[in-house]
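upload39.pdb follows; it contains PDB, C-alpha atoms and all ligand atoms.
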ATOM      1  CA  MET A   1     -24.178 -13.965 -13.248
ATOM      2  CA  PRO A   2     -27.233 -12.032 -12.041
ATOM      3  CA  ASP A   3     -27.418  -8.498 -13.368
ATOM      4  CA  GLY A   4     -29.564  -6.619 -10.838
ATOM      5  CA  LYS A   5     -29.065  -2.926 -10.372
ATOM      6  CA  ALA A   6     -29.325  -0.544  -7.454
ATOM      7  CA  LYS A   7     -31.408   2.529  -8.333
ATOM      8  CA  ARG A   8     -29.112   5.343  -7.241
ATOM      9  CA  LEU A   9     -26.286   6.315  -4.936
ATOM     10  CA  TRP A  10     -25.622   9.488  -2.983
ATOM     11  CA  ALA A  11     -22.252  10.376  -1.519
ATOM     12  CA  LEU A  12     -22.980  12.228   1.722
ATOM     13  CA  PRO A  13     -20.405  14.822   2.745
ATOM     14  CA  ASN A  14     -19.293  14.692   6.377
ATOM     15  CA  ALA A  15     -16.233  15.943   8.279
ATOM     16  CA  GLU A  16     -12.964  16.861   6.587
ATOM     17  CA  LEU A  17      -9.540  16.134   8.061
ATOM     18  CA  THR A  18      -6.252  17.813   7.206
ATOM     19  CA  VAL A  19      -3.228  15.560   7.562
ATOM     20  CA  PRO A  20       0.212  14.985   6.005
ATOM     21  CA  ARG A  21       0.168  12.721   2.941
ATOM     22  CA  SER A  22       2.724  10.589   4.746
ATOM     23  CA  LEU A  23       0.003   9.566   7.235
ATOM     24  CA  LEU A  24      -2.110   8.199   4.382
ATOM     25  CA  MET A  25       0.517   6.268   2.425
ATOM     26  CA  HIS A  26       4.076   5.068   2.778
ATOM     27  CA  GLY A  27       6.260   7.265   0.623
ATOM     28  CA  GLY A  28       3.852  10.202   0.857
ATOM     29  CA  THR A  29       5.296  13.686   1.331
ATOM     30  CA  ASN A  30       4.796  15.758   4.461
ATOM     31  CA  ASP A  31       2.580  18.194   2.536
ATOM     32  CA  LEU A  32      -0.821  18.629   4.141
ATOM     33  CA  VAL A  33      -3.882  17.319   2.318
ATOM     34  CA  THR A  34      -7.521  17.953   3.241
ATOM     35  CA  VAL A  35      -9.561  14.784   2.857
ATOM     36  CA  PRO A  36     -13.322  14.138   2.915
ATOM     37  CA  CYS A  37     -14.867  11.427   5.126
ATOM     38  CA  PRO A  38     -18.093  10.628   3.275
ATOM     39  CA  ALA A  39     -20.780   8.070   3.922
ATOM     40  CA  TYR A  40     -22.765   6.615   0.998
ATOM     41  CA  LEU A  41     -26.497   6.019   0.748
ATOM     42  CA  ILE A  42     -27.741   3.533  -1.845
ATOM     43  CA  GLU A  43     -31.344   3.018  -2.898
ATOM     44  CA  HIS A  44     -32.203  -0.549  -3.872
ATOM     45  CA  PRO A  45     -35.714  -1.921  -4.568
ATOM     46  CA  LYS A  46     -35.386  -3.978  -1.364
ATOM     47  CA  GLY A  47     -34.429  -1.041   0.853
ATOM     48  CA  LEU A  48     -31.975   1.720   1.658
ATOM     49  CA  VAL A  49     -28.394   0.695   2.340
ATOM     50  CA  LEU A  50     -25.847   2.913   4.082
ATOM     51  CA  PHE A  51     -22.119   2.311   3.572
ATOM     52  CA  ASP A  52     -20.274   3.743   6.580
ATOM     53  CA  THR A  53     -21.657   6.407   8.898
ATOM     54  CA  GLY A  54     -19.193   9.297   9.093
ATOM     55  CA  CYS A  55     -18.084  10.953  12.325
ATOM     56  CA  HIS A  56     -19.964  11.206  15.629
ATOM     57  CA  PRO A  57     -21.986  14.426  16.091
ATOM     58  CA  ASP A  58     -20.006  15.327  19.238
ATOM     59  CA  VAL A  59     -16.935  15.632  16.994
ATOM     60  CA  ALA A  60     -18.564  18.693  15.431
ATOM     61  CA  VAL A  61     -18.579  20.298  18.898
ATOM     62  CA  ASP A  62     -15.148  19.305  20.288
ATOM     63  CA  PRO A  63     -13.091  16.671  18.421
ATOM     64  CA  VAL A  64     -10.469  16.260  21.154
ATOM     65  CA  ALA A  65     -13.098  15.864  23.878
ATOM     66  CA  TYR A  66     -14.810  13.049  21.963
ATOM     67  CA  TRP A  67     -11.963  11.399  20.057
ATOM     68  CA  GLY A  68      -9.145  12.032  22.522
ATOM     69  CA  PRO A  69      -5.603  13.301  21.861
ATOM     70  CA  PHE A  70      -5.432  11.485  18.483
ATOM     71  CA  ALA A  71      -7.769  14.201  17.135
ATOM     72  CA  GLN A  72      -5.181  16.927  17.617
ATOM     73  CA  ALA A  73      -3.278  15.649  14.590
ATOM     74  CA  LEU A  74      -6.340  15.574  12.329
ATOM     75  CA  GLN A  75      -7.382  19.276  12.079
ATOM     76  CA  VAL A  76     -11.081  18.425  11.954
ATOM     77  CA  SER A  77     -13.580  20.588  10.079
ATOM     78  CA  TYR A  78     -17.165  19.446  10.694
ATOM     79  CA  PRO A  79     -19.900  22.041  10.114
ATOM     80  CA  LYS A  80     -23.217  21.000  11.644
ATOM     81  CA  GLU A  81     -25.016  20.961   8.285
ATOM     82  CA  LEU A  82     -22.831  17.972   7.369
ATOM     83  CA  LEU A  83     -24.012  15.817  10.277
ATOM     84  CA  LEU A  84     -25.231  12.523   8.851
ATOM     85  CA  ASP A  85     -28.792  12.839  10.127
ATOM     86  CA  ARG A  86     -29.155  16.237   8.483
ATOM     87  CA  GLN A  87     -27.789  14.914   5.207
ATOM     88  CA  ILE A  88     -30.179  11.955   5.204
ATOM     89  CA  GLN A  89     -33.146  14.124   6.166
ATOM     90  CA  GLY A  90     -32.140  16.596   3.465
ATOM     91  CA  LEU A  91     -32.727  13.846   0.905
ATOM     92  CA  GLY A  92     -36.242  13.321   2.280
ATOM     93  CA  TYR A  93     -35.608  10.194   4.350
ATOM     94  CA  LYS A  94     -35.894   9.377   8.032
ATOM     95  CA  MET A  95     -33.034   7.653   9.834
ATOM     96  CA  SER A  96     -35.395   4.743  10.477
ATOM     97  CA  ASP A  97     -35.784   4.269   6.705
ATOM     98  CA  ILE A  98     -32.240   2.818   6.556
ATOM     99  CA  LYS A  99     -32.617  -0.985   6.510
ATOM    100  CA  TYR A 100     -28.990  -2.074   6.145
ATOM    101  CA  VAL A 101     -25.696  -0.583   7.290
ATOM    102  CA  VAL A 102     -22.519  -1.965   5.711
ATOM    103  CA  VAL A 103     -19.474  -1.127   7.831
ATOM    104  CA  SER A 104     -16.185  -0.998   5.927
ATOM    105  CA  HIS A 105     -14.201  -1.023   9.176
ATOM    106  CA  LEU A 106     -14.348   0.463  12.666
ATOM    107  CA  HIS A 107     -12.062   3.509  12.439
ATOM    108  CA  LEU A 108     -13.392   6.701  13.992
ATOM    109  CA  ASP A 109     -14.239   8.517  10.762
ATOM    110  CA  HIS A 110     -16.500   5.644   9.607
ATOM    111  CA  THR A 111     -18.407   4.687  12.767
ATOM    112  CA  GLY A 112     -19.787   7.920  14.254
ATOM    113  CA  TYR A 113     -23.474   7.353  13.576
ATOM    114  CA  MET A 114     -23.770   3.587  13.990
ATOM    115  CA  HIS A 115     -25.699   4.224  17.218
ATOM    116  CA  ALA A 116     -28.434   6.005  15.237
ATOM    117  CA  PHE A 117     -29.711   2.874  13.467
ATOM    118  CA  PRO A 118     -30.913   0.519  16.221
ATOM    119  CA  ASN A 119     -33.352  -1.272  13.927
ATOM    120  CA  ALA A 120     -31.087  -1.734  10.907
ATOM    121  CA  ARG A 121     -29.248  -4.915   9.990
ATOM    122  CA  PHE A 122     -25.477  -4.337  10.219
ATOM    123  CA  LEU A 123     -23.046  -6.194   7.957
ATOM    124  CA  ILE A 124     -19.329  -6.450   8.685
ATOM    125  CA  MET A 125     -16.472  -8.836   7.910
ATOM    126  CA  SER A 126     -15.335 -11.208  10.630
ATOM    127  CA  ASN A 127     -12.596 -10.168  13.065
ATOM    128  CA  GLU A 128     -13.427  -6.464  12.780
ATOM    129  CA  LEU A 129     -15.769  -6.252  15.786
ATOM    130  CA  ARG A 130     -13.420  -8.176  18.043
ATOM    131  CA  TYR A 131     -10.444  -6.118  16.908
ATOM    132  CA  GLY A 132     -12.399  -2.862  17.242
ATOM    133  CA  TYR A 133     -13.241  -3.625  20.855
ATOM    134  CA  TRP A 134      -9.607  -4.314  21.765
ATOM    135  CA  PRO A 135      -7.147  -3.120  19.093
ATOM    136  CA  ASP A 136      -3.387  -3.410  19.366
ATOM    137  CA  ALA A 137      -2.145  -0.677  21.705
ATOM    138  CA  ASP A 138      -0.364   1.277  18.972
ATOM    139  CA  ARG A 139      -3.545   1.354  16.835
ATOM    140  CA  ARG A 140      -6.002   2.159  19.605
ATOM    141  CA  GLY A 141      -6.337   5.906  18.982
ATOM    142  CA  ALA A 142      -8.237   5.337  15.725
ATOM    143  CA  PHE A 143     -10.967   3.187  17.353
ATOM    144  CA  ILE A 144     -13.556   4.899  19.551
ATOM    145  CA  LEU A 145     -15.134   2.510  21.999
ATOM    146  CA  ASN A 146     -18.031   4.926  22.562
ATOM    147  CA  ASP A 147     -18.946   4.577  18.859
ATOM    148  CA  ILE A 148     -18.983   0.781  19.110
ATOM    149  CA  LEU A 149     -20.447   0.051  22.569
ATOM    150  CA  PRO A 150     -23.972   1.431  21.924
ATOM    151  CA  THR A 151     -24.319  -1.101  19.070
ATOM    152  CA  ARG A 152     -23.490  -4.152  21.167
ATOM    153  CA  ASN A 153     -27.037  -5.511  21.022
ATOM    154  CA  PHE A 154     -27.720  -4.476  17.430
ATOM    155  CA  ASN A 155     -28.442  -6.983  14.686
ATOM    156  CA  TRP A 156     -24.863  -7.629  13.504
ATOM    157  CA  ILE A 157     -24.123 -10.114  10.748
ATOM    158  CA  GLU A 158     -20.459 -11.108  10.592
ATOM    159  CA  LEU A 159     -19.295 -12.504   7.256
ATOM    160  CA  ASP A 160     -16.173 -14.424   6.374
ATOM    161  CA  SER A 161     -16.256 -14.021   2.595
ATOM    162  CA  ASP A 162     -17.692 -11.861  -0.179
ATOM    163  CA  PHE A 163     -21.449 -11.423   0.144
ATOM    164  CA  ASP A 164     -24.070 -10.523  -2.481
ATOM    165  CA  LEU A 165     -26.540  -8.530  -0.356
ATOM    166  CA  PHE A 166     -29.708  -9.161  -2.359
ATOM    167  CA  ASP A 167     -28.586 -12.137  -4.454
ATOM    168  CA  ASP A 168     -28.917 -10.090  -7.638
ATOM    169  CA  GLY A 169     -25.352  -8.849  -8.199
ATOM    170  CA  SER A 170     -26.281  -5.230  -7.518
ATOM    171  CA  LEU A 171     -24.538  -4.788  -4.169
ATOM    172  CA  CYS A 172     -21.612  -7.043  -3.308
ATOM    173  CA  MET A 173     -19.616  -6.705  -0.130
ATOM    174  CA  LEU A 174     -16.017  -7.673  -0.865
ATOM    175  CA  LYS A 175     -13.408  -8.849   1.580
ATOM    176  CA  THR A 176     -10.424  -6.457   1.261
ATOM    177  CA  PRO A 177      -8.514  -6.890   4.547
ATOM    178  CA  GLY A 178      -5.192  -5.435   5.628
ATOM    179  CA  HIS A 179      -5.970  -1.850   6.586
ATOM    180  CA  THR A 180      -7.791  -3.501   9.476
ATOM    181  CA  PRO A 181      -8.469  -7.232  10.019
ATOM    182  CA  GLY A 182     -12.037  -7.025   8.689
ATOM    183  CA  GLU A 183     -11.819  -4.195   6.154
ATOM    184  CA  SER A 184     -14.332  -4.528   3.314
ATOM    185  CA  SER A 185     -15.404  -2.750   0.134
ATOM    186  CA  LEU A 186     -18.810  -2.484  -1.544
ATOM    187  CA  TYR A 187     -19.259  -3.070  -5.269
ATOM    188  CA  VAL A 188     -22.348  -1.208  -6.517
ATOM    189  CA  ARG A 189     -23.992  -1.787  -9.892
ATOM    190  CA  LEU A 190     -26.157   1.160 -10.899
ATOM    191  CA  PRO A 191     -28.234   1.552 -14.076
ATOM    192  CA  ASN A 192     -25.443   3.389 -15.907
ATOM    193  CA  ARG A 193     -22.184   2.643 -14.108
ATOM    194  CA  LYS A 194     -20.397   0.386 -11.683
ATOM    195  CA  ILE A 195     -18.742   1.872  -8.607
ATOM    196  CA  LEU A 196     -16.426   0.228  -6.105
ATOM    197  CA  LEU A 197     -16.566   1.945  -2.720
ATOM    198  CA  VAL A 198     -13.327   0.970  -1.030
ATOM    199  CA  GLY A 199     -13.689   2.166   2.554
ATOM    200  CA  ASP A 200     -10.072   2.625   3.603
ATOM    201  CA  THR A 201      -8.627  -0.199   1.487
ATOM    202  CA  ILE A 202      -6.955   2.637  -0.449
ATOM    203  CA  HIS A 203      -6.478   6.247   0.733
ATOM    204  CA  LEU A 204      -4.951   8.098  -2.211
ATOM    205  CA  ARG A 205      -4.915   7.487  -5.966
ATOM    206  CA  ALA A 206      -1.139   7.407  -5.942
ATOM    207  CA  GLN A 207      -1.362   4.030  -4.192
ATOM    208  CA  PHE A 208      -2.573   2.478  -7.450
ATOM    209  CA  ASP A 209       0.702   3.488  -9.058
ATOM    210  CA  THR A 210       3.063   2.603  -6.246
ATOM    211  CA  GLY A 211       1.137  -0.169  -4.461
ATOM    212  CA  ALA A 212       2.168   1.544  -1.225
ATOM    213  CA  THR A 213       0.252   0.643   1.920
ATOM    214  CA  MET A 214      -0.370   3.075   4.790
ATOM    215  CA  PRO A 215       1.262   3.379   8.207
ATOM    216  CA  LEU A 216      -1.828   2.427  10.223
ATOM    217  CA  ASP A 217      -2.522  -0.802   8.274
ATOM    218  CA  THR A 218      -2.646  -3.795  10.595
ATOM    219  CA  ASP A 219      -1.327  -6.202   7.933
ATOM    220  CA  PRO A 220       0.626  -4.533   5.096
ATOM    221  CA  SER A 221       0.931  -7.753   3.044
ATOM    222  CA  GLN A 222      -2.823  -8.261   3.043
ATOM    223  CA  ALA A 223      -3.362  -4.552   2.423
ATOM    224  CA  ALA A 224      -1.139  -4.666  -0.660
ATOM    225  CA  LEU A 225      -3.109  -7.623  -2.046
ATOM    226  CA  SER A 226      -6.381  -5.812  -1.392
ATOM    227  CA  ILE A 227      -5.161  -2.751  -3.316
ATOM    228  CA  GLN A 228      -4.315  -5.082  -6.208
ATOM    229  CA  ARG A 229      -7.806  -6.565  -6.017
ATOM    230  CA  CYS A 230      -9.409  -3.126  -6.315
ATOM    231  CA  LYS A 231      -7.143  -2.302  -9.242
ATOM    232  CA  ALA A 232      -8.136  -5.511 -11.036
ATOM    233  CA  ILE A 233     -11.829  -4.716 -10.550
ATOM    234  CA  ARG A 234     -11.247  -1.226 -11.930
ATOM    235  CA  ASP A 235      -9.388  -2.500 -14.990
ATOM    236  CA  MET A 236     -11.308  -5.696 -15.805
ATOM    237  CA  HIS A 237     -14.863  -4.715 -14.810
ATOM    238  CA  GLU A 238     -14.597  -1.135 -16.104
ATOM    239  CA  ALA A 239     -15.698   0.075 -12.693
ATOM    240  CA  THR A 240     -15.051   3.431 -11.070
ATOM    241  CA  VAL A 241     -13.074   2.994  -7.881
ATOM    242  CA  TRP A 242     -14.174   5.707  -5.456
ATOM    243  CA  ILE A 243     -11.352   6.285  -3.011
ATOM    244  CA  THR A 244     -13.176   7.540   0.078
ATOM    245  CA  HIS A 245     -10.565  10.009   1.287
ATOM    246  CA  ASP A 246      -9.049  11.059  -2.045
ATOM    247  CA  PRO A 247      -9.776  14.771  -2.613
ATOM    248  CA  GLU A 248      -9.541  14.403  -6.407
ATOM    249  CA  ASP A 249     -12.199  11.676  -6.421
ATOM    250  CA  TRP A 250     -14.386  13.861  -4.232
ATOM    251  CA  ALA A 251     -13.967  16.809  -6.594
ATOM    252  CA  GLU A 252     -14.704  14.801  -9.742
ATOM    253  CA  LEU A 253     -17.633  12.609  -8.664
ATOM    254  CA  PRO A 254     -21.095  14.027  -7.849
ATOM    255  CA  HIS A 255     -22.266  14.169  -4.251
ATOM    256  CA  ALA A 256     -25.550  14.805  -2.417
ATOM    257  CA  PRO A 257     -27.998  16.147  -3.188
ATOM    258  CA  THR A 258     -26.991  14.976  -6.674
ATOM    259  CA  ALA A 259     -27.470  11.232  -7.095
ATOM    260  CA  ILE A 260     -25.419   8.913  -9.295
ATOM    261  CA  GLU A 261     -27.430   6.493 -11.428
TER     262      GLU A 261
HETATM  263 ZN    ZN A 301      -9.343   3.577   8.399
END

Transcribe the structure of this file into C-alpha cells.
Ligand SMILES: [Zn+2]
Amino acid sequence: MPDGKAKRLWALPNAELTVPRSLLMHGGTNDLVTVPCPAYLIEHPKGLVLFDTGCHPDVAVDPVAYWGPFAQALQVSYPKELLLDRQIQGLGYKMSDIKYVVVSHLHLDHTGYMHAFPNARFLIMSNELRYGYWPDADRRGAFILNDILPTRNFNWIELDSDFDLFDDGSLCMLKTPGHTPGESSLYVRLPNRKILLVGDTIHLRAQFDTGATMPLDTDPSQAALSIQRCKAIRDMHEATVWITHDPEDWAELPHAPTAIE
C-alpha cells in the first residue's frame, strides 16, 4: 500500500443554508438547522486539487432568481467575501492554479463555480453527468443546468470505481452512491491525519447512529450502504469523517485561512 501524503487541506467557507433537520435525514425533527456548504482545497506535490465548488456567485445576489423556487425553502446566507474565487485568492492562489476538480455530485450547493476552471481536469463518478443533465422530475430542483452547461466541453474524466488520483495513496476518490447515482467521497491522507470528505453521502452525524438516509436520495438502499462504508473507514482506518453540512463538524474542525496538515 503506497503511503504518499498530501501537504495540506483548507476547508473554504461558502454559503450557509437554514433548513429543517427533516430535509437532511429521515427521522429528523422539524427544528431548523443552519448548515455550511464548504469546498475543500488540497495541496499535493503534483498540483492543487479542489473538492466541490460551492454555490454560484449569482446566488449571493438573488438565490431565487438563479436557483429558482427551490431556493425559497433554503434561507440562503452568502456574503460576498465567501465567494469561492475570493477564498482561493485569499490563500494566495489564482483560480488557474487549480489543476484538478473532484466533483462529489451535481447538486446546486456543490457545483456553483465549476465554470471557473476551464483548464482543470474534472473527475466524477459515472452516471452523475447524465443524471445531472436530466434528473428525475421530482429531484430536478436541486440540479442547476446553468451550473453544468458551461462545462460541457471541459476535460471530464468519468470513473466507474475508486480511483487513486496520484497513485500514491494520498488522495483516493471513493464510490459512495445513493444520494445521487454518481455520488463520491474523497479520502485524504495528510502528514498528521486522515480525513474522509464525504460530499453529501452523509448530511448529519446522527446518521451514523441511525443509518437513516435522506429524503432527496435517489437510491436509499445504496445510500445506506455508502453510509456504512464511511463508518467503516472512520472506525478501521482511524480517519476523521468530515460531514460537509454538519454544523458540529464545521465548528470543531479548522477552516481557511487555517490549514490542516
Ligand atoms: Zn446533495

Quiz prompt | Arg152 in chain A surroundings by only C-alpha atoms, 12 Å radius, close-in-sequence under 5 positions cut, as a count of residues only | solution = 11

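Distance-wise, CA of Leu50 in chain A and CA of Thr258 in chain A end up 16.2 Å apart.
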
Practice problem: Using the chain letters and residue numbers of this document, give as JSON, numbers by chain the residues selected by the PyMOL selection byres (((chain A and resi 8) around 8) and not hetatm). | Solution: {"A": [6, 7, 9, 10, 42, 43, 44, 190, 191, 259, 260, 261]}

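Counting all atoms listed in the file and comparing A:Lys46, A:Leu41, A:Asn127, A:Tyr66, the residue that lies closest to Tyr93 in chain A is A:Leu41.
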
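Taking all atoms listed in the file into account, ligand ZN 301 (chain A) lies nearest to A:Leu24 out of the set A:Leu24, A:Ile195, A:Ala256, A:Ala120.
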
Residues within 9 Å of ligand ZN 301 (chain A) (only C-alpha atoms and all ligand atoms), as a CSV table (one decimal) with C-alpha atoms, in the coordinates of the input?
chain,number,residue,atom,x,y,z
A,104,SER,CA,-16.2,-1.0,5.9
A,105,HIS,CA,-14.2,-1.0,9.2
A,106,LEU,CA,-14.3,0.5,12.7
A,107,HIS,CA,-12.1,3.5,12.4
A,108,LEU,CA,-13.4,6.7,14.0
A,109,ASP,CA,-14.2,8.5,10.8
A,110,HIS,CA,-16.5,5.6,9.6
A,142,ALA,CA,-8.2,5.3,15.7
A,179,HIS,CA,-6.0,-1.8,6.6
A,180,THR,CA,-7.8,-3.5,9.5
A,183,GLU,CA,-11.8,-4.2,6.2
A,199,GLY,CA,-13.7,2.2,2.6
A,200,ASP,CA,-10.1,2.6,3.6
A,201,THR,CA,-8.6,-0.2,1.5
A,203,HIS,CA,-6.5,6.2,0.7
A,216,LEU,CA,-1.8,2.4,10.2
A,217,ASP,CA,-2.5,-0.8,8.3

Ground truth for the PyMOL selection byres (((chain A and resi 156) around 12) and not hetatm), written as a PDB file with C-alpha atoms, keeping the file's coordinate frame:
ATOM      1  CA  TYR A 100     -28.990  -2.074   6.145  1.00  0.00           C
ATOM      2  CA  VAL A 101     -25.696  -0.583   7.290  1.00  0.00           C
ATOM      3  CA  VAL A 102     -22.519  -1.965   5.711  1.00  0.00           C
ATOM      4  CA  VAL A 103     -19.474  -1.127   7.831  1.00  0.00           C
ATOM      5  CA  MET A 114     -23.770   3.587  13.990  1.00  0.00           C
ATOM      6  CA  PHE A 117     -29.711   2.874  13.467  1.00  0.00           C
ATOM      7  CA  PRO A 118     -30.913   0.519  16.221  1.00  0.00           C
ATOM      8  CA  ASN A 119     -33.352  -1.272  13.927  1.00  0.00           C
ATOM      9  CA  ALA A 120     -31.087  -1.734  10.907  1.00  0.00           C
ATOM     10  CA  ARG A 121     -29.248  -4.915   9.990  1.00  0.00           C
ATOM     11  CA  PHE A 122     -25.477  -4.337  10.219  1.00  0.00           C
ATOM     12  CA  LEU A 123     -23.046  -6.194   7.957  1.00  0.00           C
ATOM     13  CA  ILE A 124     -19.329  -6.450   8.685  1.00  0.00           C
ATOM     14  CA  MET A 125     -16.472  -8.836   7.910  1.00  0.00           C
ATOM     15  CA  SER A 126     -15.335 -11.208  10.630  1.00  0.00           C
ATOM     16  CA  GLU A 128     -13.427  -6.464  12.780  1.00  0.00           C
ATOM     17  CA  LEU A 129     -15.769  -6.252  15.786  1.00  0.00           C
ATOM     18  CA  ILE A 148     -18.983   0.781  19.110  1.00  0.00           C
ATOM     19  CA  THR A 151     -24.319  -1.101  19.070  1.00  0.00           C
ATOM     20  CA  ARG A 152     -23.490  -4.152  21.167  1.00  0.00           C
ATOM     21  CA  ASN A 153     -27.037  -5.511  21.022  1.00  0.00           C
ATOM     22  CA  PHE A 154     -27.720  -4.476  17.430  1.00  0.00           C
ATOM     23  CA  ASN A 155     -28.442  -6.983  14.686  1.00  0.00           C
ATOM     24  CA  ILE A 157     -24.123 -10.114  10.748  1.00  0.00           C
ATOM     25  CA  GLU A 158     -20.459 -11.108  10.592  1.00  0.00           C
ATOM     26  CA  LEU A 159     -19.295 -12.504   7.256  1.00  0.00           C
TER      27      LEU A 159
END

Exercise. Determine the nearest neighbour of Asp168 in chain A from the options A:Ala11, A:Arg140, A:Pro45, A:Asp235, counting only C-alpha atoms.
Key: A:Pro45

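Here CA of Leu196 in chain A is placed at a distance of 6.1 Å from CA of Thr240 in chain A.
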
Quiz item: Hey, what's within 12 Å of Ala73 in chain A if we count only C-alpha atoms and toss same-chain stuff fewer than 3 positions away? As a ChimeraX atom specification, please?
Solution: /A:17-20,23,32,63-64,67-70,76,141-142

Exercise. Find the residues near Gln228 in chain A: any atom within 12 Å, counting all atoms listed in the file, skip ones fewer than 2 places away on the same chain, and give them as number ranges by chain.
Key: A: 176-178, 201-202, 207-213, 221-226, 230-236
